[in-house]
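Structure first, commentary second.
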Amino acid sequence: NSSLQEKTNSLRRIMGVSELLYSLPIPTISIINGPAAGAGFALALACDMRVATENAKFVTAFSKIAFSGDFGGSYFLTKIIGTAKARELFYLSNTIDAKKANELGVINNLVDANEINEYVTNLKNKFRNSAPIAIKYMKKNLNIAEIGDLNLSLNQEALHMMICSETEDHKNATKAFVEKKQFFSEPFLLEANVWQPHGPYVLDEDCNAINYNLTKNIWSTDNDSIDKYLDETRCVN
């Protein structure tokens, strides 16, 4: 039998996917069209944005099965909706529907299920028409801002602005703006597939700018495979 420390280390390795979703230098978007419970809910929270249909339901679920929670759910939910409501949802494990999730700020947008495919396509196109280097540094700035250090934020914003000022994207976007033309850049996006109840969480890569292959089943119980997965997909700053 594995020791407590071995079990803890094994779970922590798997939980690295939440860290990955949060720190990837590209936007991560979760599309929720069904139940997001427990770890599934936590993984959705780790993404930059969440879009849900009226079919979505959210529940932390852990207290119902005498678990304390994992995959960063307590961290992300507290930051997104505040400590008071996060504690309520964790302690009581109340299920909330998509409308309530939208009111609380758990999701960014509530979209009719019949229109979700069109919405996702439009969202993809918006990101594809964005400058990937600028978006990368925007995400870094926003993640740094959560630390709460103004001096660090100002220093990094200044650095990132000067880096962006030397890119071809900036030059081309400025020219397009002056000439009143639409700016196009290299496409990039990492999209989370629609949630399936109790199913594996699979990421679909649609990004030419990076070489990560994230279309894998992360629920593997093979620790060596998990370590290899996390090593291969770890982002380089």
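Convention: chains lettered A, B, ... in structure tokens order; per-chain residue numbering from 1; ligands numbered from 1 as shown.
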
* Can you list, as a VMD selection string, every residue of segment 32-183 of chain A that DSSP puts in alpha helix (DSSP H)? -> chain A and resid 39 to 46 73 to 81 83 to 92 98 to 104 116 to 128 132 to 145 150 to 165 168 to 178

Counting only C-alpha atoms, which residues in segment 104-144 of chain A sit no more than 10 Å from segment 45-49 of chain A? For each one, give the nearest pair of atoms and the distance in Å, sorted by chain then residue number, as a tab-separated table.
```
residue	atom	partner	partner_atom	distance
A:Val106	CA	A:Leu45	CA	7.7
A:Ile107	CA	A:Met49	CA	7.1
A:Asn108	CA	A:Met49	CA	6.2
A:Asn109	CA	A:Met49	CA	8.7
A:Lys139	CA	A:Asp48	CA	8.8
```

Generate the output file for the selected residues, N, CA and C atoms, as a PDB file, in the first residue's frame.
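The resulting file, again24.pdb, is reproduced below:
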```pdb
ATOM      1  N   VAL A 106     -19.357  33.455 -11.637  1.00  0.00           N
ATOM      2  CA  VAL A 106     -18.616  32.210 -11.863  1.00  0.00           C
ATOM      3  C   VAL A 106     -18.310  32.046 -13.343  1.00  0.00           C
ATOM      4  N   ILE A 107     -19.269  32.419 -14.195  1.00  0.00           N
ATOM      5  CA  ILE A 107     -19.072  32.336 -15.646  1.00  0.00           C
ATOM      6  C   ILE A 107     -19.045  33.742 -16.236  1.00  0.00           C
ATOM      7  N   ASN A 108     -18.413  33.839 -17.402  1.00  0.00           N
ATOM      8  CA  ASN A 108     -18.335  35.129 -18.091  1.00  0.00           C
ATOM      9  C   ASN A 108     -19.571  35.417 -18.920  1.00  0.00           C
ATOM     10  N   ASN A 109     -20.118  34.364 -19.534  1.00  0.00           N
ATOM     11  CA  ASN A 109     -21.279  34.549 -20.407  1.00  0.00           C
ATOM     12  C   ASN A 109     -22.194  33.340 -20.338  1.00  0.00           C
ATOM     13  N   LYS A 139      -1.873  38.464 -20.290  1.00  0.00           N
ATOM     14  CA  LYS A 139      -2.182  37.420 -19.314  1.00  0.00           C
ATOM     15  C   LYS A 139      -1.156  37.428 -18.189  1.00  0.00           C
TER      16      LYS A 139
END
```

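The two atoms in question, atom CA of Met15 of chain A and atom CA of Ala42 of chain A, are spaced 10.0 Å apart.
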
* Asked: Which one is closest to Leu89 of chain A: A:Ser10, A:Ser63, A:Ser30, A:Asn114? Count only C-alpha atoms.
  -> A:Ser63

* Nearest to Asn129 of chain A, chosen from A:Glu88, A:Glu103, A:Asp149, A:Asp169, with only C-alpha atoms counted in the distances ->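 That would be A:Asp169, the residue with the smallest distance to Asn129 of chain A.
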
* Asked: When DSSP works through the backbone of this structure, what residues of segment 42-198 of chain A end up as strand (DSSP E or B), shown as a ChimeraX atom specification?
  -> /A:49-52,57-59,96-97,109-110,190-192

Could you write those residues out with all heavy atoms, as a compact mmCIF listing (two decimals), in the first residue's frame?
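Once written, part.txt looks like this:
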```txt
# COMPACT_ATOMS: atom_id res chain seq x y z
N MET A 49 -11.48 32.11 -18.97
CA MET A 49 -12.88 32.46 -19.17
C MET A 49 -13.73 31.21 -19.15
O MET A 49 -13.27 30.12 -19.48
CB MET A 49 -13.06 33.19 -20.52
CG MET A 49 -12.37 34.53 -20.62
SD MET A 49 -12.42 35.22 -22.31
CE MET A 49 -14.18 35.33 -22.59
N ARG A 50 -14.99 31.39 -18.77
CA ARG A 50 -15.95 30.29 -18.75
C ARG A 50 -17.23 30.74 -19.46
O ARG A 50 -17.78 31.79 -19.13
CB ARG A 50 -16.28 29.88 -17.30
CG ARG A 50 -15.18 29.10 -16.61
CD ARG A 50 -15.22 29.24 -15.11
NE ARG A 50 -15.02 30.64 -14.70
CZ ARG A 50 -13.82 31.25 -14.71
NH1 ARG A 50 -12.75 30.59 -15.11
NH2 ARG A 50 -13.70 32.52 -14.36
N VAL A 51 -17.67 29.92 -20.39
CA VAL A 51 -18.91 30.19 -21.11
C VAL A 51 -19.82 28.99 -20.91
O VAL A 51 -19.41 27.85 -21.10
CB VAL A 51 -18.65 30.41 -22.62
CG1 VAL A 51 -19.96 30.65 -23.35
CG2 VAL A 51 -17.67 31.56 -22.83
N ALA A 52 -21.07 29.23 -20.49
CA ALA A 52 -21.98 28.14 -20.19
C ALA A 52 -23.31 28.30 -20.90
O ALA A 52 -23.71 29.41 -21.26
CB ALA A 52 -22.21 28.04 -18.68
N LYS A 57 -24.67 23.05 -14.84
CA LYS A 57 -24.89 23.08 -13.40
C LYS A 57 -23.52 23.00 -12.73
O LYS A 57 -22.62 22.35 -13.24
CB LYS A 57 -25.78 21.93 -12.93
CG LYS A 57 -27.21 21.98 -13.46
CD LYS A 57 -28.05 20.86 -12.90
CE LYS A 57 -29.45 20.85 -13.51
NZ LYS A 57 -30.19 22.09 -13.23
N PHE A 58 -23.39 23.64 -11.59
CA PHE A 58 -22.10 23.71 -10.90
C PHE A 58 -22.27 23.30 -9.45
O PHE A 58 -23.18 23.75 -8.76
CB PHE A 58 -21.54 25.13 -10.97
CG PHE A 58 -21.37 25.65 -12.37
CD1 PHE A 58 -22.44 26.27 -13.02
CD2 PHE A 58 -20.16 25.53 -13.04
CE1 PHE A 58 -22.30 26.76 -14.31
CE2 PHE A 58 -20.02 26.02 -14.33
CZ PHE A 58 -21.08 26.64 -14.97
N VAL A 59 -21.35 22.46 -8.98
CA VAL A 59 -21.38 22.06 -7.57
C VAL A 59 -19.97 21.64 -7.16
O VAL A 59 -19.28 20.94 -7.90
CB VAL A 59 -22.38 20.91 -7.32
CG1 VAL A 59 -22.05 19.67 -8.13
CG2 VAL A 59 -22.47 20.59 -5.83
N ILE A 96 -25.72 25.00 -8.13
CA ILE A 96 -26.23 26.24 -8.72
C ILE A 96 -26.39 26.06 -10.22
O ILE A 96 -25.60 25.37 -10.86
CB ILE A 96 -25.31 27.45 -8.41
CG1 ILE A 96 -23.90 27.21 -8.95
CG2 ILE A 96 -25.26 27.72 -6.92
CD1 ILE A 96 -22.99 28.43 -8.83
N ASP A 97 -27.44 26.65 -10.76
CA ASP A 97 -27.66 26.55 -12.20
C ASP A 97 -26.87 27.63 -12.92
O ASP A 97 -26.20 28.47 -12.30
CB ASP A 97 -29.15 26.62 -12.53
CG ASP A 97 -29.80 27.93 -12.07
OD1 ASP A 97 -29.09 28.92 -11.83
OD2 ASP A 97 -31.05 27.95 -11.96
N ASN A 109 -20.12 34.36 -19.53
CA ASN A 109 -21.28 34.55 -20.41
C ASN A 109 -22.19 33.34 -20.34
O ASN A 109 -21.74 32.20 -20.23
CB ASN A 109 -20.84 34.77 -21.86
CG ASN A 109 -20.08 36.06 -22.05
OD1 ASN A 109 -18.85 36.05 -22.11
ND2 ASN A 109 -20.79 37.17 -22.15
N LEU A 110 -23.49 33.61 -20.41
CA LEU A 110 -24.52 32.57 -20.48
C LEU A 110 -25.12 32.63 -21.88
O LEU A 110 -25.66 33.66 -22.28
CB LEU A 110 -25.58 32.81 -19.41
CG LEU A 110 -26.78 31.86 -19.40
CD1 LEU A 110 -26.34 30.42 -19.26
CD2 LEU A 110 -27.74 32.24 -18.27
N LEU A 190 -6.33 28.12 -27.12
CA LEU A 190 -6.43 26.81 -26.48
C LEU A 190 -7.84 26.69 -25.96
O LEU A 190 -8.28 27.50 -25.14
CB LEU A 190 -5.43 26.67 -25.33
CG LEU A 190 -5.37 25.28 -24.70
CD1 LEU A 190 -4.85 24.28 -25.71
CD2 LEU A 190 -4.49 25.28 -23.48
N GLU A 191 -8.56 25.73 -26.44
CA GLU A 191 -9.99 25.61 -26.12
C GLU A 191 -10.26 24.36 -25.32
O GLU A 191 -9.75 23.28 -25.63
CB GLU A 191 -10.77 25.55 -27.43
CG GLU A 191 -12.24 25.28 -27.25
CD GLU A 191 -12.86 24.79 -28.54
OE1 GLU A 191 -12.20 24.87 -29.58
OE2 GLU A 191 -14.01 24.34 -28.48
N ALA A 192 -11.03 24.48 -24.27
CA ALA A 192 -11.44 23.32 -23.49
C ALA A 192 -12.74 22.78 -24.07
O ALA A 192 -13.67 23.52 -24.31
CB ALA A 192 -11.66 23.70 -22.03
```

* To do: Measuring atom to atom with only C-alpha atoms, identify which of A:Asn55, A:Ser165, A:Asn143, A:Thr8 is nearest to Lys79 of chain A.
  => A:Asn143

* At what distance in Å, to one decimal, does atom CA of Ile116 of chain A lie from atom CA of Phe62 of chain A? ->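 So the answer is 29.2 Å.
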
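Between Tyr22 of chain A and the candidates A:Tyr75, A:Asn102, A:Gly40, A:Pro35, the tightest atom-to-atom separation, counting only C-alpha atoms, involves A:Tyr75.
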
* Atomic distance atom CA of Phe76 of chain A - atom CA of Ser18 of chain A, expressed in Å with one decimal ->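 Distance reported for this atom pair: 9.7 Å.
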